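Enquirer: Handing you this structure, nothing more for now.
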Amino acid sequence: MHAQPKIGVVGATGAVGTVTLGLLAERGYDHVRAFASGRSAGSRIPFGTDELLVEEATPEALGVGDVDLFLFSVGTSASRELVPVASAAGAICIDKSSAYRLVDGYPLVVPEVNGGRALESLERDRIVANPNCCTIPLTCVLKPLHDEAGLGRVRVSTYQSVSGAGAQRMDTLAHEAPADHDLVMDWTWEGDESDEEAKLRAETRKILELPDLPISATCVRVPVMIGHSEAVWLELERPLTVDEATEILRNAPSVRVLDLPSFPTPAAAAGADEVLVGRIRRDTAAENGIALYLSSDNLRKGAALNAIQIAELLLEGVAAAR
Ligand SMILES: NC(=O)c1ccc[n+]([C@@H]2O[C@H](COP(=O)([O-])OP(=O)(O)OC[C@H]3O[C@@H](n4cnc5c(N)ncnc54)[C@H](OP(=O)(O)O)[C@@H]3O)[C@@H](O)[C@H]2O)c1
């Protein structure tokens, strides 16, 4: 591996890809290439103070073996086609689609929660899955409370911004009349729940390694540009006072506790790297119940930033093994 890794951003023209390029430029990476579909190949996109030529993400282009690390933010079917080719050519691949998240043997990683799992991929095909944009902030908050008092049950209601559905939906919201705004549930139905609700449960169980954790979700898309919020109700196995829970979260990595009269909002979360947590209070409807509210930037910690943090763990792992 070179001192400066050669990085390919696949899906570079999208909502997540654009933020990925911005974060890579901020972090000083300068061997970066941009890939997207044939629709935008040949165009130029900003990268720091410079521009990158967008290349077409074909299996041939990704299979050359001249890139150390690929960050994928394309849809699931494109990931299923392209990730194996890039991996076979020797690259580390961090995939933000749901192609690998729940497949046995593939690590699903939030560095603050289960970062060690990412390194296991170096023993096999170097593919690591990045979780759903609501699962990441939720597990950042659940993990330290679980370590202290044991999670008995989790209920969560989400309020997800339109940027979670991609650049086209952002464009639509930007041009919509306010009267057209409404709440939507724009996911696929799996029986009586959405695939987003099922993902939130299955991914949280996998990351926390609690396969039987009772967890139920109601997911809703709201007319907000950036920033997903979640109302969370926890039942703990051992009692924690509100002050104790607050102190645990204050000390948790990548979490910023806001005290009343401040509370988490999408606007405050947009552009921030931490998960904002507030409204921490007793849930009087449950024994050992704690209720809280969180907001996080779905394009940063919920997607691009988390993926770069995973990649940096792997790059360090490769360097340490040399
Ligand atoms: N948005 C979020 O908050 C979020 C969070 C976590 C995970 N994700 C996941 O990240 C992925 C991308 O999401 P997004 O919101 O960035 O979507 P998006 O704004 O619609 O962008 C999609 C990107 O993928 C490219 N692309 C589409 N089909 C392709 C193909 N067949 N080959 C190569 N490139 C292709 C597009 O290129 P063109 O410009 O050429 O069409 C564009 O760069 C999805 O899997 C999504 O589930 C998104």
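If you're wondering about the labels, chains in the structure tokens are A, B, ... by order shown, residues count from 1 in each chain, ligands from 1 in order shown.
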Contacts of region 147-160 of chain A at 7 Å or less, counting only C-alpha atoms, minus same-chain residues fewer than 2 places along, as an MDAnalysis selection string?
Expert: chainID A and resid 143:145 162 164 213:222 227:240
Enquirer: Since we have the selection now, will you write its residues out, keeping N, CA, C and O atoms, as a tab-separated table (two decimals), in the first residue's frame?
Expert:
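Full text of result_17.tsv as output:
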chain	number	residue	atom	x	y	z
A	143	LYS	N	-25.00	1.09	21.93
A	143	LYS	CA	-23.85	0.28	22.39
A	143	LYS	C	-23.37	0.67	23.80
A	143	LYS	O	-23.25	-0.20	24.67
A	144	PRO	N	-23.09	1.96	24.09
A	144	PRO	CA	-22.59	2.27	25.43
A	144	PRO	C	-23.63	2.02	26.53
A	144	PRO	O	-23.27	1.64	27.64
A	145	LEU	N	-24.92	2.19	26.21
A	145	LEU	CA	-25.95	1.93	27.22
A	145	LEU	C	-26.07	0.42	27.45
A	145	LEU	O	-26.23	-0.04	28.59
A	162	VAL	N	-35.09	13.64	2.91
A	162	VAL	CA	-35.19	13.18	1.53
A	162	VAL	C	-33.82	12.85	0.92
A	162	VAL	O	-33.73	12.05	-0.01
A	164	GLY	N	-31.78	10.98	2.04
A	164	GLY	CA	-31.60	9.54	2.22
A	164	GLY	C	-32.08	8.76	1.00
A	164	GLY	O	-31.73	7.60	0.83
A	213	LEU	N	-32.42	-9.59	20.05
A	213	LEU	CA	-32.88	-8.32	20.65
A	213	LEU	C	-34.27	-7.96	20.15
A	213	LEU	O	-34.47	-7.80	18.94
A	214	PRO	N	-35.26	-7.80	21.05
A	214	PRO	CA	-36.57	-7.32	20.59
A	214	PRO	C	-36.44	-5.85	20.17
A	214	PRO	O	-36.07	-5.00	20.98
A	215	ILE	N	-36.69	-5.57	18.92
A	215	ILE	CA	-36.56	-4.19	18.41
A	215	ILE	C	-37.58	-3.98	17.31
A	215	ILE	O	-37.68	-4.80	16.39
A	216	SER	N	-38.36	-2.93	17.43
A	216	SER	CA	-39.34	-2.63	16.38
A	216	SER	C	-39.23	-1.17	15.98
A	216	SER	O	-38.87	-0.32	16.81
A	217	ALA	N	-39.52	-0.88	14.70
A	217	ALA	CA	-39.32	0.46	14.17
A	217	ALA	C	-40.52	0.88	13.33
A	217	ALA	O	-41.19	0.05	12.70
A	218	THR	N	-40.78	2.19	13.33
A	218	THR	CA	-41.67	2.80	12.34
A	218	THR	C	-40.86	3.87	11.64
A	218	THR	O	-40.34	4.79	12.29
A	219	CYS	N	-40.68	3.74	10.31
A	219	CYS	CA	-39.83	4.67	9.56
A	219	CYS	C	-40.69	5.56	8.66
A	219	CYS	O	-41.57	5.07	7.95
A	220	VAL	N	-40.41	6.84	8.69
A	220	VAL	CA	-41.18	7.82	7.92
A	220	VAL	C	-40.21	8.80	7.26
A	220	VAL	O	-39.20	9.18	7.86
A	221	ARG	N	-40.48	9.16	6.02
A	221	ARG	CA	-39.69	10.19	5.32
A	221	ARG	C	-40.38	11.53	5.52
A	221	ARG	O	-41.60	11.64	5.33
A	222	VAL	N	-39.62	12.54	5.91
A	222	VAL	CA	-40.20	13.87	6.18
A	222	VAL	C	-39.60	14.90	5.20
A	222	VAL	O	-38.52	14.68	4.66
A	227	GLY	N	-30.52	15.22	7.26
A	227	GLY	CA	-30.57	14.97	8.70
A	227	GLY	C	-31.73	14.04	9.05
A	227	GLY	O	-32.88	14.38	8.83
A	228	HIS	N	-31.36	12.87	9.54
A	228	HIS	CA	-32.37	11.91	10.00
A	228	HIS	C	-32.51	12.03	11.53
A	228	HIS	O	-31.50	12.13	12.23
A	229	SER	N	-33.73	11.99	12.03
A	229	SER	CA	-33.97	12.01	13.47
A	229	SER	C	-34.65	10.71	13.89
A	229	SER	O	-35.32	10.05	13.07
A	230	GLU	N	-34.47	10.35	15.16
A	230	GLU	CA	-35.06	9.11	15.66
A	230	GLU	C	-35.51	9.32	17.11
A	230	GLU	O	-34.74	9.85	17.92
A	231	ALA	N	-36.76	8.96	17.40
A	231	ALA	CA	-37.23	8.91	18.79
A	231	ALA	C	-37.05	7.47	19.23
A	231	ALA	O	-37.46	6.54	18.52
A	232	VAL	N	-36.38	7.28	20.38
A	232	VAL	CA	-35.98	5.93	20.80
A	232	VAL	C	-36.48	5.68	22.22
A	232	VAL	O	-36.32	6.53	23.10
A	233	TRP	N	-37.09	4.51	22.42
A	233	TRP	CA	-37.54	4.08	23.75
A	233	TRP	C	-36.83	2.77	24.09
A	233	TRP	O	-36.92	1.80	23.32
A	234	LEU	N	-36.09	2.78	25.20
A	234	LEU	CA	-35.29	1.61	25.58
A	234	LEU	C	-35.80	1.00	26.87
A	234	LEU	O	-36.17	1.73	27.79
A	235	GLU	N	-35.79	-0.33	26.94
A	235	GLU	CA	-35.98	-1.00	28.23
A	235	GLU	C	-34.65	-1.66	28.54
A	235	GLU	O	-34.13	-2.45	27.74
A	236	LEU	N	-34.10	-1.32	29.70
A	236	LEU	CA	-32.79	-1.85	30.09
A	236	LEU	C	-32.96	-3.01	31.06
A	236	LEU	O	-33.98	-3.11	31.76
A	237	GLU	N	-31.96	-3.90	31.09
A	237	GLU	CA	-32.04	-5.05	32.01
A	237	GLU	C	-31.76	-4.63	33.45
A	237	GLU	O	-32.26	-5.23	34.39
A	238	ARG	N	-30.93	-3.60	33.62
A	238	ARG	CA	-30.61	-3.09	34.96
A	238	ARG	C	-30.95	-1.60	35.00
A	238	ARG	O	-30.80	-0.91	33.98
A	239	PRO	N	-31.40	-1.10	36.16
A	239	PRO	CA	-31.83	0.31	36.20
A	239	PRO	C	-30.67	1.27	35.98
A	239	PRO	O	-29.55	1.03	36.43
A	240	LEU	N	-30.94	2.35	35.27
A	240	LEU	CA	-29.99	3.46	35.13
A	240	LEU	C	-30.78	4.72	35.40
A	240	LEU	O	-31.90	4.87	34.91
Enquirer: With only C-alpha atoms as the counted atoms, please give the residues lying no more than 10 Å from Gly17 (chain A), apart from itself and same-chain residues fewer than 2 positions off, as JSON, numbers by chain.
Expert: {"A": [9, 10, 11, 12, 13, 14, 15, 19, 20, 21, 22, 23, 34, 35, 36, 71, 72, 73, 74, 167, 299, 303, 304]}
Enquirer: Selected residues, N, CA, C and O atoms, written as a short mmCIF file (atom, residue, chain, number, x, y, z; two decimals), in the first residue's frame, please.
Expert:
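Output saved as again-v8.cif:
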data_model
loop_
_atom_site.label_atom_id
_atom_site.label_comp_id
_atom_site.auth_asym_id
_atom_site.auth_seq_id
_atom_site.Cartn_x
_atom_site.Cartn_y
_atom_site.Cartn_z
N VAL A 9 -13.86 6.53 -5.93
CA VAL A 9 -15.20 6.78 -5.38
C VAL A 9 -16.20 6.40 -6.47
O VAL A 9 -16.23 7.02 -7.54
N VAL A 10 -16.99 5.36 -6.22
CA VAL A 10 -17.91 4.84 -7.23
C VAL A 10 -19.32 5.29 -6.84
O VAL A 10 -19.81 4.93 -5.76
N GLY A 11 -19.95 6.07 -7.73
CA GLY A 11 -21.20 6.75 -7.39
C GLY A 11 -20.88 8.18 -6.99
O GLY A 11 -21.61 8.81 -6.20
N ALA A 12 -19.78 8.70 -7.55
CA ALA A 12 -19.23 10.00 -7.12
C ALA A 12 -20.15 11.18 -7.40
O ALA A 12 -20.03 12.22 -6.75
N THR A 13 -21.08 11.02 -8.35
CA THR A 13 -21.96 12.14 -8.69
C THR A 13 -23.23 12.18 -7.82
O THR A 13 -24.03 13.10 -7.92
N GLY A 14 -23.41 11.15 -6.98
CA GLY A 14 -24.64 11.05 -6.19
C GLY A 14 -24.60 11.84 -4.89
O GLY A 14 -23.60 12.52 -4.59
N ALA A 15 -25.68 11.74 -4.11
CA ALA A 15 -25.79 12.48 -2.84
C ALA A 15 -24.66 12.06 -1.89
O ALA A 15 -23.99 12.91 -1.30
N VAL A 19 -20.58 13.98 -1.03
CA VAL A 19 -20.09 14.22 0.34
C VAL A 19 -18.79 13.43 0.56
O VAL A 19 -17.86 13.92 1.22
N THR A 20 -18.71 12.22 0.00
CA THR A 20 -17.49 11.42 0.13
C THR A 20 -16.29 12.18 -0.45
O THR A 20 -15.23 12.26 0.19
N LEU A 21 -16.47 12.76 -1.63
CA LEU A 21 -15.36 13.52 -2.24
C LEU A 21 -14.97 14.70 -1.36
O LEU A 21 -13.79 14.98 -1.17
N GLY A 22 -15.97 15.40 -0.82
CA GLY A 22 -15.69 16.55 0.05
C GLY A 22 -14.88 16.13 1.28
O GLY A 22 -13.90 16.78 1.66
N LEU A 23 -15.27 15.01 1.90
CA LEU A 23 -14.57 14.54 3.11
C LEU A 23 -13.15 14.08 2.77
O LEU A 23 -12.21 14.33 3.53
N ALA A 34 -12.92 9.52 -9.67
CA ALA A 34 -14.38 9.52 -9.55
C ALA A 34 -14.99 8.61 -10.62
O ALA A 34 -14.61 8.70 -11.80
N PHE A 35 -15.91 7.74 -10.21
CA PHE A 35 -16.59 6.85 -11.14
C PHE A 35 -18.10 7.00 -10.96
O PHE A 35 -18.58 7.22 -9.84
N ALA A 36 -18.83 6.87 -12.06
CA ALA A 36 -20.30 6.87 -11.99
C ALA A 36 -20.80 6.08 -13.19
O ALA A 36 -20.02 5.38 -13.86
N LEU A 71 -14.65 3.17 -2.54
CA LEU A 71 -15.80 3.52 -1.71
C LEU A 71 -17.02 3.52 -2.62
O LEU A 71 -17.12 4.36 -3.52
N PHE A 72 -17.91 2.55 -2.43
CA PHE A 72 -19.06 2.39 -3.33
C PHE A 72 -20.30 3.05 -2.73
O PHE A 72 -20.70 2.73 -1.60
N SER A 73 -20.93 3.95 -3.49
CA SER A 73 -22.27 4.42 -3.12
C SER A 73 -23.12 4.44 -4.38
O SER A 73 -23.48 5.48 -4.91
N VAL A 74 -23.36 3.23 -4.88
CA VAL A 74 -24.27 3.02 -6.01
C VAL A 74 -25.40 2.13 -5.48
O VAL A 74 -25.37 1.72 -4.34
N ALA A 167 -29.91 11.96 -4.76
CA ALA A 167 -29.79 13.32 -5.28
C ALA A 167 -31.05 13.79 -6.03
O ALA A 167 -31.44 14.96 -5.94
N LEU A 299 -25.87 11.83 5.38
CA LEU A 299 -24.89 11.72 4.29
C LEU A 299 -23.47 11.62 4.84
O LEU A 299 -22.58 11.12 4.17
N ALA A 303 -23.41 7.72 6.26
CA ALA A 303 -22.98 7.11 5.00
C ALA A 303 -21.49 7.37 4.76
O ALA A 303 -20.64 6.57 5.12
N ALA A 304 -21.15 8.55 4.16
CA ALA A 304 -19.80 8.78 3.66
C ALA A 304 -18.73 8.77 4.76
O ALA A 304 -17.68 8.14 4.61
#
Enquirer: Leaving out Gln309 (chain A) and any residue of its chain fewer than 5 positions from it, which residues lie within 10 Å of it when counting only C-alpha atoms, given as a VMD selection string?
Expert: chain A and resid 109 to 112 115 301 304 314 to 315
Enquirer: With N, CA, C and O atoms kept, could you save the residues just selected as an mmCIF file, in the first residue's frame?
Expert:
data_model
loop_
_atom_site.group_PDB
_atom_site.id
_atom_site.type_symbol
_atom_site.label_atom_id
_atom_site.label_comp_id
_atom_site.auth_asym_id
_atom_site.auth_seq_id
_atom_site.Cartn_x
_atom_site.Cartn_y
_atom_site.Cartn_z
ATOM 1 N N VAL A 109 -20.173 -2.653 9.711
ATOM 2 C CA VAL A 109 -19.330 -1.995 10.714
ATOM 3 C C VAL A 109 -19.691 -0.537 10.983
ATOM 4 O O VAL A 109 -19.894 0.264 10.064
ATOM 5 N N VAL A 110 -19.747 -0.230 12.279
ATOM 6 C CA VAL A 110 -19.735 1.151 12.772
ATOM 7 C C VAL A 110 -18.470 1.228 13.634
ATOM 8 O O VAL A 110 -18.396 0.563 14.669
ATOM 9 N N PRO A 111 -17.434 1.954 13.202
ATOM 10 C CA PRO A 111 -16.134 1.845 13.874
ATOM 11 C C PRO A 111 -16.190 2.003 15.392
ATOM 12 O O PRO A 111 -15.497 1.279 16.116
ATOM 13 N N GLU A 112 -17.027 2.900 15.917
ATOM 14 C CA GLU A 112 -17.088 3.128 17.364
ATOM 15 C C GLU A 112 -17.739 1.950 18.093
ATOM 16 O O GLU A 112 -17.640 1.841 19.313
ATOM 17 N N GLY A 115 -15.617 -1.840 15.419
ATOM 18 C CA GLY A 115 -14.550 -1.592 14.437
ATOM 19 C C GLY A 115 -13.643 -2.786 14.209
ATOM 20 O O GLY A 115 -13.182 -3.008 13.085
ATOM 21 N N LYS A 301 -22.128 10.927 8.880
ATOM 22 C CA LYS A 301 -21.977 9.736 9.738
ATOM 23 C C LYS A 301 -22.876 8.596 9.253
ATOM 24 O O LYS A 301 -22.540 7.430 9.386
ATOM 25 N N ALA A 304 -21.154 8.546 4.158
ATOM 26 C CA ALA A 304 -19.795 8.783 3.660
ATOM 27 C C ALA A 304 -18.728 8.767 4.756
ATOM 28 O O ALA A 304 -17.677 8.142 4.608
ATOM 29 N N LEU A 314 -8.968 -0.066 7.973
ATOM 30 C CA LEU A 314 -8.384 -1.117 7.140
ATOM 31 C C LEU A 314 -7.022 -0.698 6.596
ATOM 32 O O LEU A 314 -6.095 -1.513 6.553
ATOM 33 N N LEU A 315 -6.903 0.555 6.181
ATOM 34 C CA LEU A 315 -5.608 1.024 5.675
ATOM 35 C C LEU A 315 -4.547 0.933 6.774
ATOM 36 O O LEU A 315 -3.411 0.519 6.524
#
Enquirer: Which residue gives the smallest distance to Asp273 (chain A) among A:Ile290, A:Val255, A:Leu313, A:Met170, with only C-alpha atoms counted?
Expert: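 For Asp273 (chain A), the nearest of the given residues is A:Val255.
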Enquirer: Please run DSSP on the backbone and report, as a ChimeraX atom specification, all residues within region 189-283 of chain A that come out as strand (DSSP E or B).
Expert: /A:189-190,193-194,215-221,228-236,255-257,275-282
Enquirer: With only C-alpha atoms as the counted atoms, please give the residues lying no more than 12 Å from Leu249 (chain A), apart from itself and same-chain residues fewer than 4 positions off, as number ranges by chain.
Expert: A: 139-148, 242-245, 253-259, 274-278, 280, 292, 294
Enquirer: Could you check the closest approach to Ala118 (chain A) for each of A:Gly65, A:Gly105, A:Gly271, A:Gly191 and tell me which residue wins, using only C-alpha atoms?
Expert: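 Of A:Gly65, A:Gly105, A:Gly271, A:Gly191, the one nearest Ala118 (chain A), counting only C-alpha atoms, is A:Gly105.
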Enquirer: Separation of CA of Ala57 (chain A) and atom 43 (O, counted along the ligand's line) of ligand 1, in Å?
Expert: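 Value for the CA of Ala57 (chain A)-atom 43 (O, counted along the ligand's line) of ligand 1 distance: 9.7 Å.
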Enquirer: Here is a test: counting only C-alpha atoms and all ligand atoms, which residue of A:Ser296, A:Ser43, A:Thr188, A:Thr76 is nearest to ligand 1?
Expert: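 Ranked by minimum distance to ligand 1, first place goes to A:Thr76.
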Enquirer: So which one's closest to Gly63 (chain A), A:Ser87, A:Asn298, A:Asn114, A:Ser97? Using only C-alpha atoms, please.
Expert: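 Using only C-alpha atoms, Gly63 (chain A) sits closest to A:Ser87.
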Enquirer: Excluding Ile7 (chain A) and its own-chain neighbours fewer than 2 positions away, which residues fall within 9 Å of it when counting only C-alpha atoms? Please give them as a list in words.
Expert: Gln4, Pro5, Val9, Tyr29, Asp30, His31, Val32, Arg33, Ala34, Val67, Asp68, Leu69, Phe70 and Leu71 of chain A
